[in-house]
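Worksheet for the structure shown next.
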Amino acid sequence: MHPKEHQAIITRLIHGLADLYLKDKTHLFPYPETMIDEGQTSPAPDILLYDHRQEKTLVLIEITHTVGVKKDGLKVQGLMNDYDVPEGFVYDYKKHLWYKFDKSIGAVKDRPSFCELLHVDLNKFLSKEPAN
């Protein structure tokens with residue numbers, strides 16, 4: 001069972017990401033808590049961004065609190081390697097910190113909330129102001 005704050009963050013991110021998709025600003029569709037591999041039982045990250053053209057998950061996002069950051073970071077990196085996902089994120093909603101991972105180089109310190117594949121700062125979807 002996830003606390004309301006955790007679910008609220010997932011909802012805000014899904015709303016902002018779906019808005020990009022619906023406005024044709026991206027071809028990546030956001031899915032909440034969906035298995036990566038529908039052909040077999042597989043882990044379900046909090047959010048995955050899926051490219052229907054390539055039939056491939058390209059971004060993973062896991063929402064956690066401070067105690068779970070290390071475990072979820074390892075989970076995201078493991079999923080990225082297992083399913084060949086190029087970009088992943090972990091968001092610590094207690095400290096409001098993003099952690100970013102690139103499949104080829106590991107942890108990325110520079111602009112940790114910026115999604116290269118979307119060309120957007122994910123943090124903008126978490127502000128109280130509506131995303132543009």
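Letters for chains follow the order of the structure tokens (A, B, ...), residue numbers begin at 1 for each chain, and ligand numbers begin at 1 in the order shown.
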- Task: Write out as a VMD selection string all residues of chain A that backbone DSSP assigns to strand (DSSP E).
- Result: chain A and resid 28 to 32 47 to 51 56 to 64 87 to 92 97 to 102 106 to 108 114 to 115 120 to 121
Using only C-alpha atoms, what table do you get, as JSON lines, when you list each residue of range 72-111 of chain A with an atom no more than 9 Å from range 39-54 of chain A, its nearest pair of atoms, and their distance in Å rounded to one decimal, rows by chain then rising number?
```
{"residue": "A:Lys75", "atom": "CA", "partner": "A:Pro45", "partner_atom": "CA", "distance": 8.9}
{"residue": "A:Val76", "atom": "CA", "partner": "A:Pro45", "partner_atom": "CA", "distance": 7.9}
{"residue": "A:Leu79", "atom": "CA", "partner": "A:Pro43", "partner_atom": "CA", "distance": 8.0}
```
Hey, can you spit out that residue selection with all heavy atoms as a CSV table (one decimal), in the first residue's frame?
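Below is the file selection-v5.csv, written as the result:
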```csv
chain,number,residue,atom,x,y,z
A,75,LYS,N,17.1,-1.1,-8.0
A,75,LYS,CA,16.0,-1.7,-8.7
A,75,LYS,C,15.9,-1.1,-10.1
A,75,LYS,O,15.8,-1.8,-11.1
A,75,LYS,CB,14.7,-1.5,-8.0
A,75,LYS,CG,13.5,-1.9,-8.7
A,75,LYS,CD,12.2,-1.5,-8.0
A,75,LYS,CE,11.0,-1.8,-8.8
A,75,LYS,NZ,9.7,-1.4,-8.1
A,76,VAL,N,15.9,0.3,-10.2
A,76,VAL,CA,15.8,0.9,-11.5
A,76,VAL,C,17.0,0.6,-12.4
A,76,VAL,O,16.8,0.2,-13.6
A,76,VAL,CB,15.7,2.5,-11.3
A,76,VAL,CG1,16.0,3.2,-12.6
A,76,VAL,CG2,14.4,2.8,-10.7
A,79,LEU,N,16.6,-3.0,-13.6
A,79,LEU,CA,15.6,-3.1,-14.7
A,79,LEU,C,16.1,-2.5,-16.0
A,79,LEU,O,15.8,-3.0,-17.1
A,79,LEU,CB,14.3,-2.4,-14.2
A,79,LEU,CG,13.5,-3.0,-13.1
A,79,LEU,CD1,12.4,-2.1,-12.7
A,79,LEU,CD2,13.0,-4.4,-13.5
```
- Identify, on the basis of only C-alpha atoms, every residue whose closest approach to Ser113 in chain A does not exceed 10 Å; exclude the query and any residue fewer than 4 positions from it along the same chain; express the result as a list in words. Phe89, Val90, Tyr91, Leu97, Trp98, Tyr99, Lys100, Val108, Lys109, Val120, Asp121, Leu122, Asn123 and Lys124 of chain A
- Task: Using only C-alpha atoms, find the one residue out of A:Asp92, A:Asp24, A:Asp19, A:Glu116 that sits nearest to Thr64 in chain A.
- Result: A:Asp92
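Using only C-alpha atoms, the protein and nucleic acid residues lying no more than 8 Å from Glu5 in chain A, apart from those fewer than 3 places from it along its own chain, are A:Ala8, A:Ile9, A:Tyr93.
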For the selection just defined, write its residues with all heavy atoms to a file, as a compact mmCIF listing (two decimals), in the first residue's frame.
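The resulting out_35.txt:
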```txt
# COMPACT_ATOMS: atom_id res chain seq x y z
N ALA A 8 0.01 10.68 -5.16
CA ALA A 8 -0.22 12.02 -5.71
C ALA A 8 0.91 12.41 -6.66
O ALA A 8 0.67 13.01 -7.72
CB ALA A 8 -0.35 13.05 -4.58
N ILE A 9 2.14 12.06 -6.32
CA ILE A 9 3.28 12.38 -7.18
C ILE A 9 3.19 11.59 -8.48
O ILE A 9 3.40 12.14 -9.57
CB ILE A 9 4.61 12.13 -6.44
CG1 ILE A 9 4.76 13.18 -5.34
CG2 ILE A 9 5.79 12.16 -7.40
CD1 ILE A 9 5.81 12.88 -4.32
N TYR A 93 10.53 11.78 -2.43
CA TYR A 93 9.51 12.80 -2.19
C TYR A 93 9.61 13.43 -0.81
O TYR A 93 9.02 14.48 -0.58
CB TYR A 93 8.09 12.27 -2.46
CG TYR A 93 7.60 11.17 -1.54
CD1 TYR A 93 7.02 11.48 -0.31
CD2 TYR A 93 7.66 9.84 -1.92
CE1 TYR A 93 6.54 10.48 0.52
CE2 TYR A 93 7.18 8.85 -1.11
CZ TYR A 93 6.62 9.17 0.11
OH TYR A 93 6.14 8.18 0.92
```
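Remark: for Leu20 in chain A, the closest of the candidate residues A:Ile36, A:His119, A:Pro86, A:Lys103 is A:His119 (distances computed over only C-alpha atoms).
In this model, the gap between CA of Lys95 in chain A and CA of Leu60 in chain A comes to 19.9 Å.
Note that CA of Val59 in chain A and CA of Leu118 in chain A are 9.3 Å apart.
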- Point-to-point distance from CA of Thr26 in chain A to CA of Ile63 in chain A, Å rounded to tenths: 21.9 Å
